[in-house]
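**Q** Sending over a structure as structure tokens; questions will come in a sec.
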Amino acid sequence: MNALKSFPIIYKINLEDSSVRAPINLPADVYTKGVYGVSFIEASYAYNEATQELALSYPADPRVEFYHLPTGRSRRVLAVPTSFGKGEVKPSKAEKLNGMESFSLFTRSNSYSKIYYDPYRKVYYRFAEKAVDKVRFSEKKFWKHKILMLFDEEFKLIQEIEFVNTFVFPAMCFVGEKGLYVGVVEENGNENTIKFHLFTLQEAK
């Protein structure tokens with residue numbers, strides 16, 4: 001757990017003298033509360049070229065961190081779906097977790113996933129993952145329902161959509177001129193075929 005205090009997320013490399021440092025670590029106020037497991041470590045980021053800020057989304061943190069590259073200043077804003085309440089993710093009370101325990105904790109907990117910035121509409125998209133309940137877990141239905149949240153540049157929530165009967169892959173999304181393309185597999189569809197659903201700002205109104 002103490003190692004997470006300095007777990008590097010992004011390295012800053014000086015090309016002139018080849019020096020390397022890690023300006024961004026996992027949020028210590030979240031990741032030192034207890035043991036989360038490896039599934040809660042992978043961070044996602046989006047870059048806003050206009051503001052020169054990185055927006056970082058951490059699986060166990062209900063907030064999004066903004067890191068201003070020129071100055072190194074950071075700020076955090078709350079970005080949670082309404083069904084999550086305060087959005088806090090509780091860690092395990094164990095001193096350490098084995099592979100199955102780590103998987104179980106991640107699957108049975110709410111968490112946060114990929115973040116994207118849309119420069120065409122000047123909005124952010126953040127995915128959240130809903131905890132698998134006890135019944136579905138016992139039936140080995142481990143897929144976490146995804147929630148897509150849409151925020152303006154001030155991070156005011158515009159809309160959220162929960163995907164229940166669709167398998168959504170947050171890592172297989174991209175922003176285009178028309179909106180956010182979301183990689184999905186329909187519940188009764190071919191699991192080897194991923195389709196891209198275009199999510200537009202008009203759908204959120």
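Following the order of the structure tokens, first chain is A, next is B, and so on, with residues numbered from 1 inside each chain and ligands from 1 in the order they appear.
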Please identify every residue of segment 124-162 of chain A that has at least one atom no farther than 10 Å from an atom of segment 58-68 of chain A, counting only C-alpha atoms, and for each give the shortest atom pair and the distance in Å to one decimal, arranged by chain then increasing number, as a tab-separated table.
**A**
```
residue	atom	partner	partner_atom	distance
A:Arg126	CA	A:Val64	CA	9.1
A:Phe127	CA	A:Pro59	CA	9.9
A:Ala128	CA	A:Pro59	CA	8.5
A:Glu129	CA	A:Pro59	CA	9.0
A:Phe155	CA	A:Val64	CA	9.3
```
**Q** Write the residues of the selection above to a file with N, CA and C atoms, as a short mmCIF file (atom, residue, chain, number, x, y, z; two decimals), in the first residue's frame.
**A**
```cif
data_model
loop_
_atom_site.label_atom_id
_atom_site.label_comp_id
_atom_site.auth_asym_id
_atom_site.auth_seq_id
_atom_site.Cartn_x
_atom_site.Cartn_y
_atom_site.Cartn_z
N ARG A 126 -16.67 10.49 -19.65
CA ARG A 126 -16.02 9.59 -18.69
C ARG A 126 -16.91 8.36 -18.48
N PHE A 127 -16.28 7.20 -18.50
CA PHE A 127 -17.01 5.96 -18.25
C PHE A 127 -16.89 5.57 -16.77
N ALA A 128 -17.99 5.06 -16.23
CA ALA A 128 -18.00 4.44 -14.91
C ALA A 128 -18.47 3.00 -15.08
N GLU A 129 -18.09 2.14 -14.15
CA GLU A 129 -18.45 0.73 -14.22
C GLU A 129 -19.20 0.33 -12.96
N PHE A 155 -17.05 20.90 -16.20
CA PHE A 155 -17.36 19.61 -15.60
C PHE A 155 -18.71 19.60 -14.89
#
```
**Q** Can you list, as a list of chain:residue names, all residues belonging to chain A that DSSP tags as alpha helix (DSSP H)?
**A** A:Ala28, A:Asp29, A:Val30, A:Tyr31, A:Gly99, A:Met100, A:Glu101, A:Ser102, A:Phe103, A:Ser104, A:Leu105, A:Phe106, A:Thr107, A:Lys134, A:Val135, A:Arg136, A:Phe137, A:Ser138
**Q** Please extract the residues of segment 18-189 of chain A with a backbone DSSP assignment of strand (DSSP E) and present them as a PyMOL selection string.
**A** chain A and resi 20-25+44-48+53-57+63-68+74-78+111-118+123-129+146-152+157-163+166-176+179-186
**Q** Which residue, A:Ala79, A:Leu97, A:Leu69, A:Ile115, has the smallest gap to Ile24 of chain A when you use only C-alpha atoms?
**A**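 Nearest candidate to Ile24 of chain A out of A:Ala79, A:Leu97, A:Leu69, A:Ile115: A:Leu69.
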**Q** Do you know which residues are at most 8 Å from segment 43-45 of chain A counting only C-alpha atoms, after dropping those on the same chain fewer than 5 positions away, and could you put them as an mmCIF file with C-alpha atoms, in the first residue's frame?
**A**
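Output file selection-v6.cif follows:
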```cif
data_model
loop_
_atom_site.group_PDB
_atom_site.id
_atom_site.type_symbol
_atom_site.label_atom_id
_atom_site.label_comp_id
_atom_site.auth_asym_id
_atom_site.auth_seq_id
_atom_site.Cartn_x
_atom_site.Cartn_y
_atom_site.Cartn_z
ATOM 1 C CA ILE A 9 1.438 7.425 -13.843
ATOM 2 C CA LEU A 54 -4.259 16.401 -19.071
ATOM 3 C CA ALA A 55 -7.504 15.049 -17.615
ATOM 4 C CA LEU A 56 -6.758 11.874 -15.646
ATOM 5 C CA SER A 57 -9.289 9.245 -14.593
ATOM 6 C CA TYR A 58 -8.324 6.723 -11.890
ATOM 7 C CA PRO A 59 -10.394 3.544 -11.286
ATOM 8 C CA SER A 113 -12.718 3.899 -16.505
ATOM 9 C CA LYS A 114 -11.674 5.732 -19.667
ATOM 10 C CA ILE A 115 -11.932 9.464 -20.218
ATOM 11 C CA TYR A 116 -12.082 11.268 -23.568
#
```
**Q** Go ahead and compute the interatomic distance for atom CA of Pro91 of chain A and atom CA of Leu157 of chain A, in Å to one decimal.
**A**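 One can read the atom CA of Pro91 of chain A to atom CA of Leu157 of chain A distance as 26.3 Å.
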